[in-house]
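Chemist: Sharing a structure with you now.
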Amino acid sequence: MKNTMKLEFDSISANESFARVTVAAFMTQMNPSMEEVADVKTAVSEAVTNAIIHGYNNEVHKITIFGKIENDMLELKVVDQGVGIEDIPKVMEPMYTSRPDLERSGMGFLFMEAFMDEVQVESKPGVGTTVIMKKKILKHEA
């Protein structure tokens, strides 16, 4: 099985739940467990929230999610054209946040890594950030 999707929406916090539900609906064709769906929804929430708060500093711009299913692998790319990240290893450290003024916990990338099998971050200051997340979906009986 192979399938792709593209979702583009405004970077407002109300659309974080829209992104979660849309990705969950897209992955249902893989017959995932409830736990797998919950894991992916959490990872998507974190990536979208990072784009809204850190990438765009709460300004309204576009976030795009590209989804791909190939056999038992779900791949998601969450893309923004925001401020970008200068030091990727630093921002991926647990408890690090670039917005302590907002009482952010700095756990977003940690959650993404905990719930997905693979997380990669590509970013260029002033250009934007792409978070690539992959998760193998186990075969479940329908």
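Chain labels follow the order of the structure tokens: the first chain is A, the next B, and so on; residue numbering restarts at 1 in every chain, and ligands are counted from 1 in their shown order.
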Could you list, as an NGL selection string, every residue within 12 Å of Thr64 (chain A), counting only C-alpha atoms and ignoring same-chain residues fewer than 2 positions away?
Modeler: :A and (5-11 or 15-16 or 19 or 23 or 44 or 47-48 or 51-52 or 61-62 or 66-67 or 76-82 or 128-132)
Chemist: Write the residues you've just listed into a file as a PDB file, in the first residue's frame, and include C-alpha atoms for each of them.
Modeler:
```pdb
ATOM      1  CA  MET A   5      -1.416  13.570   1.431  1.00  0.00           C
ATOM      2  CA  LYS A   6      -0.702  17.264   1.853  1.00  0.00           C
ATOM      3  CA  LEU A   7      -2.404  19.475   4.426  1.00  0.00           C
ATOM      4  CA  GLU A   8      -1.868  23.238   4.679  1.00  0.00           C
ATOM      5  CA  PHE A   9      -3.374  25.453   7.365  1.00  0.00           C
ATOM      6  CA  ASP A  10      -2.888  28.711   9.241  1.00  0.00           C
ATOM      7  CA  SER A  11      -0.503  28.706  12.196  1.00  0.00           C
ATOM      8  CA  ASN A  15      -5.638  24.276  14.005  1.00  0.00           C
ATOM      9  CA  GLU A  16      -3.399  22.065  16.156  1.00  0.00           C
ATOM     10  CA  ALA A  19      -3.933  18.656  12.217  1.00  0.00           C
ATOM     11  CA  VAL A  23      -3.367  12.844  10.358  1.00  0.00           C
ATOM     12  CA  VAL A  44       1.891  15.922  15.492  1.00  0.00           C
ATOM     13  CA  ALA A  47       5.496  19.562  15.989  1.00  0.00           C
ATOM     14  CA  VAL A  48       2.617  21.894  15.052  1.00  0.00           C
ATOM     15  CA  ALA A  51       5.922  25.742  14.487  1.00  0.00           C
ATOM     16  CA  ILE A  52       3.244  28.095  15.845  1.00  0.00           C
ATOM     17  CA  HIS A  61       1.498  32.059   8.464  1.00  0.00           C
ATOM     18  CA  LYS A  62       1.184  28.612   6.875  1.00  0.00           C
ATOM     19  CA  PHE A  66       3.068  16.040   4.128  1.00  0.00           C
ATOM     20  CA  GLY A  67       2.027  12.481   4.902  1.00  0.00           C
ATOM     21  CA  LEU A  76       5.064  12.844   8.346  1.00  0.00           C
ATOM     22  CA  LYS A  77       6.816  16.099   7.505  1.00  0.00           C
ATOM     23  CA  VAL A  78       5.692  19.201   9.389  1.00  0.00           C
ATOM     24  CA  VAL A  79       7.010  22.257   7.559  1.00  0.00           C
ATOM     25  CA  ASP A  80       7.092  25.960   8.437  1.00  0.00           C
ATOM     26  CA  GLN A  81       8.797  28.942   6.823  1.00  0.00           C
ATOM     27  CA  GLY A  82       9.485  30.575  10.176  1.00  0.00           C
ATOM     28  CA  GLY A 128      12.169  27.608   8.218  1.00  0.00           C
ATOM     29  CA  THR A 129      12.079  24.154   9.741  1.00  0.00           C
ATOM     30  CA  THR A 130      11.004  20.693   8.644  1.00  0.00           C
ATOM     31  CA  VAL A 131      10.369  18.009  11.250  1.00  0.00           C
ATOM     32  CA  ILE A 132      10.361  14.522   9.729  1.00  0.00           C
TER      33      ILE A 132
END
```
Chemist: Could you pull out the strand (DSSP E or B) residues of chain A from DSSP and send them as a PyMOL selection string?
Modeler: chain A and resi 2-10+62-70+73-80+118-124+128-136
Chemist: Report the residues of region 34-99 of chain A whose backbone DSSP state falls under helix (DSSP H, G or I), written as an NGL selection string.
Modeler: :A and (34-55 or 88-91)
Chemist: Report as a PDB file with C-alpha atoms, in the first residue's frame all protein, DNA and RNA residues lying within 12 Å of Asp87 (chain A), evaluated on only C-alpha atoms, omitting residues in the same chain fewer than 2 positions from it.
Modeler:
```
ATOM      1  CA  GLY A  84      14.406  28.512  11.690  1.00  0.00           C
ATOM      2  CA  ILE A  85      16.722  26.908  14.209  1.00  0.00           C
ATOM      3  CA  PRO A  89      21.088  19.692  18.925  1.00  0.00           C
ATOM      4  CA  LYS A  90      20.547  22.421  21.560  1.00  0.00           C
ATOM      5  CA  VAL A  91      16.790  22.769  20.930  1.00  0.00           C
ATOM      6  CA  MET A  92      16.375  18.996  21.030  1.00  0.00           C
ATOM      7  CA  GLU A  93      17.786  18.833  24.580  1.00  0.00           C
ATOM      8  CA  TYR A  96      15.398  23.536  26.635  1.00  0.00           C
ATOM      9  CA  SER A  98      13.507  29.345  23.452  1.00  0.00           C
ATOM     10  CA  VAL A 121      14.960  18.065  12.110  1.00  0.00           C
ATOM     11  CA  GLU A 122      16.120  20.099   9.140  1.00  0.00           C
ATOM     12  CA  SER A 123      16.287  23.842   9.601  1.00  0.00           C
ATOM     13  CA  LYS A 124      17.911  26.981   8.306  1.00  0.00           C
ATOM     14  CA  PRO A 125      17.749  30.303  10.174  1.00  0.00           C
ATOM     15  CA  THR A 129      12.079  24.154   9.741  1.00  0.00           C
TER      16      THR A 129
END
```
